[in-house]
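**Student:** The following block contains the structure, expressed as structure tokens.
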There are 2 protein chains.
Amino acid sequence: MASYDDVMSLSVRRGFLWPAVDLYGGFAGFYDYGHNGTLLRRRWEDLWIETFLGLSDNYHLIDTTTILPELPLKASGHVDHFTDVLVTCTRCGESYRGDHLLEAVTHEEHEGLTPEEIDARIREVNVRCPNCKGELGPSRTFNMMFPLAVGPTGKDRAYLRPETAQGVYLNFKREFEALRRRLPMGLAIIGRAYRNEISPRQGTYRMREFLQAELQIFFDPETFADEVPFDSLAETPVRVAWADEKSGRTAHDVPAKDLVARGLPTWYVAHLVAVQAFYLDRLEVPRPAFRFAELDEKERAFYNKIHFDIQVDQESLGGFKEVGGVHYRSDHDLAGHEAVSRERQSVTVGSRKIVPHVLELSFGVDRNVWALLDLGLTKGERTVLRLPARLAPVPVAVFPLLNKDGLPEKASEIHVALRRRAGAFYDDSGSIGKRYARMDEIGTPYCVTVDYETLEGKGVTLRERDTQRQVRVPEPHLADTLAALLAGERRFADLS
Amino acid sequence: MASYDDVMSLSVRRGFLWPAVDLYGGFAGFYDYGHNGTLLRRRWEDLWIETFLGLSDNYHLIDTTTILPELPLKASGHVDHFTDVLVTCTRCGESYRGDHLLEAVTHEEHEGLTPEEIDARIREVNVRCPNCKGELGPSRTFNMMFPLAVGPTGKDRAYLRPETAQGVYLNFKREFEALRRRLPMGLAIIGRAYRNEISPRQGTYRMREFLQAELQIFFDPETFADEVPFDSLAETPVRVAWADEKSGRTAHDVPAKDLVARGLPTWYVAHLVAVQAFYLDRLEVPRPAFRFAELDEKERAFYNKIHFDIQVDQESLGGFKEVGGVHYRSDHDLAGHEAVSRERQSVTVGSRKIVPHVLELSFGVDRNVWALLDLGLTKGERTVLRLPARLAPVPVAVFPLLNKDGLPEKASEIHVALRRRAGAFYDDSGSIGKRYARMDEIGTPYCVTVDYETLEGKGVTLRERDTQRQVRVPEPHLADTLAALLAGERRFADLS
């Protein structure tokens, strides 16, 4: 856990991420990724693909345009309902999100209120403009999509997509044909989405341009429960915070079967278990820092029937924050597109015609990357970024102990050999202690040092980031040893 | 080589790509990628990263926002100069790109003309509206960027980026610091760019939203020639079509040293050689289908000092078409940002202060994917997509010969084992001939069939896509054999 400033300071200094366009004084709500941040994010994406597309051999990655014309977004409900309440100061003209204004004063959540309800609450608790103390209001709804005109005449109205999901729904029928008409079918997109946030804030938490990784699982609601195994998971504890425990929600470890007893479908709970395993086992989030937060009817998006946020506790953001969600969207989207496009979205299952239902596993990639930086960063005698080994931008660094006597040549040779198997970095500048410290800061789990004994055929020193322990590894075993360590097949402590 | 319709038909049927939003009647200039197209594109991207970021250990991938505020795009020249000439019909109101109108009639290139020059030529050769034969004009410049407003007030004007390059330039100083102040330094982005084309056409060739892979190499012009080895490349033939051989350019194999003799810097020619090797050796483009086309002053973009297009001959697009470019942008971009932002972009090299120059290797990812489909698709007795083995969406398929007697179980077991090493697909439906044909269509280079002899420990049948030859491979050797074949370390013909 780390403070906001610590995360941002490390991020800027070591090439993870920073506010975009700061050369021109910044660009609120936009962030750029440097070389280490880009690698970290790519490794997160690879792990996500492996984990969630690995759930079935009928789950696939596709990619669709980020600009969409107005009509499908009308059908999906985004043109009419993808709004926040905007409050403007009558005196200074500053704009605010109504729910955030109220939250700041009352410390209660106010999502889902209408402009009239927001105005009433503003008068009730007497909120004034935080900028100039002027009178606020009246509120109005503000669509969060970015509109733009396509083509030379400017007549064709379009939007930057507010979520990747619509691109999948628009291609459902094509892929259903190309993939030989089987349900469940999963289609995922890792790509950008755009929201014209009224007040972007908290680093990468609320951005205007961000990266989503979303898997849409199309299924037959009559048979999905039979297709998703649940019995072996029945006793698995799932960390859940209920919607009815307002402000100061706490998480409980609830056996999966008890969630079913409360009315959640077994297939829904099975996917909660899969998502939880991704966070606890693959991303190595400590159990107390993870929870699912149930959203009630007012809080959840207009298209969701069941909705749990995935939340991770982050000191830099002041507590538990959403990093994703598990959304049962029912047949809302396909039915909406069928109604407006007049193209049938139903498919034949046995003797029935059905419009498939959708379970969406949705992840904010930037939020996940930020959470890894927050959880990983530990400051003390030394600064260490404790990333899971598989996610480290640079898995291995190779150093010559000294810059002479053939040590750099030998180290380079080992570096080149390792680079083919995993990302490896070569460094020969500064003291060996400084070089270790630099790698600790970017989360490199293993460093290899070449010394005089190496030249005598007595192996290299392998150092582990977290314990700073060192062991001697024979050179011929080095590549295999590192591969096994990085794959989690061996533990450093077990090396002799 | 294949016709446009053949490429598009296969693409739609087998999940490569198709016109976006066709559920709502289409969206001109936008394409979506299906599950096989997404995999093909990812493999192309991985190969690109390996090839071009592999040129130096100081070359890195970064990622930046696709929306940029107005000021940096003013500095880069895009607000004022990133324009096409728009001609509108006085009668029916249809809009056209001036140079394309003239090209269609005169069969000559007309890039770089002013609206006045276009109007004069239109009168000279008497071009009428292709739609209604009405009178055209007058022409006007049309900025190809998509403008949008950021924030609730709509006052902050921004644009979708017209190229990834600007994101790199804006981050040059940050990364120069984070990467410890070394030149040459390379920063690459694989990401979307947007151009509001007046008349998008020819499939993925001229799109309004497209994917670029661009590497910007920052260097010191005084020393770059010494840093890029050239002597060993001096005799390498480079396929070039000169700018002065108008209409019906032909390509010549010119020794690299002769290009230097004509005035190109050695470092520039060395990068032409590297790009050519990528196309001929890695993408397996036949030599006659590849060339660099020199662009003269009128044709090249306003920011380029030396500019060769990378072109691939494609039947579906009617001949040689641009898939990328090698651009010497000098210090145009950094100097422009320095002038407008008033932030120094110079760096200290030894005792000198310099603004680095930039060599840009720029690739249209969609255009490359299309070229691979065009070049790979062969129709005859059977339809085969001859993709390079490393680029095939599905490298290996596993079939049980029949759907009984334990064959599916054995095949599944082999499938699962192979899947961990490479993408592998399992199929047990339809005749074995149909299953081979399906894999041939998506370019799968190797199919494994499990038969009764397999159950007796006598190995599996391994079939090669292009020759349809089959060999028997012992099961314990299968994974290694396939890995060696896919890595190009062994040839199928050498298997006994």
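All residue names refer to the structure tokens as shown: chains lettered A, B, ... in order, residues numbered from 1 in each chain, ligands numbered from 1 in order.
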Neighbours of range 453-461 of chain A within 7 Å (only C-alpha atoms; same-chain residues fewer than 4 positions away dropped), as a VMD selection string?
**Tutor:** chain A and resid 448 to 449 470 to 475
**Student:** Excluding His337 in chain A and its own-chain neighbours fewer than 2 positions away, which residues fall within 12 Å of it when counting only C-alpha atoms? Please give them as number ranges by chain.
**Tutor:** A: 71-77, 166-173, 331-335, 339-346, 355; B: 21-24
**Student:** Residues within 8 Å of His327 in chain A, please, as a ChimeraX atom specification. Count only C-alpha atoms; anything in the same chain fewer than 2 positions from it doesn't count.
**Tutor:** /A:304-308,325,329,359-362
**Student:** Which is closest to chain B among A:Cys447, A:Leu385, A:Ala411, A:Ile62, if we use only C-alpha atoms?
**Tutor:**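 Of all the options, A:Ile62 lies closest to chain B.
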**Student:** Here is a test: counting only C-alpha atoms, which residue of B:Asp226, B:Asp46, B:Asp466, B:Glu235 is nearest to chain A?
**Tutor:**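 Closest to chain A, using only C-alpha atoms: B:Asp46.
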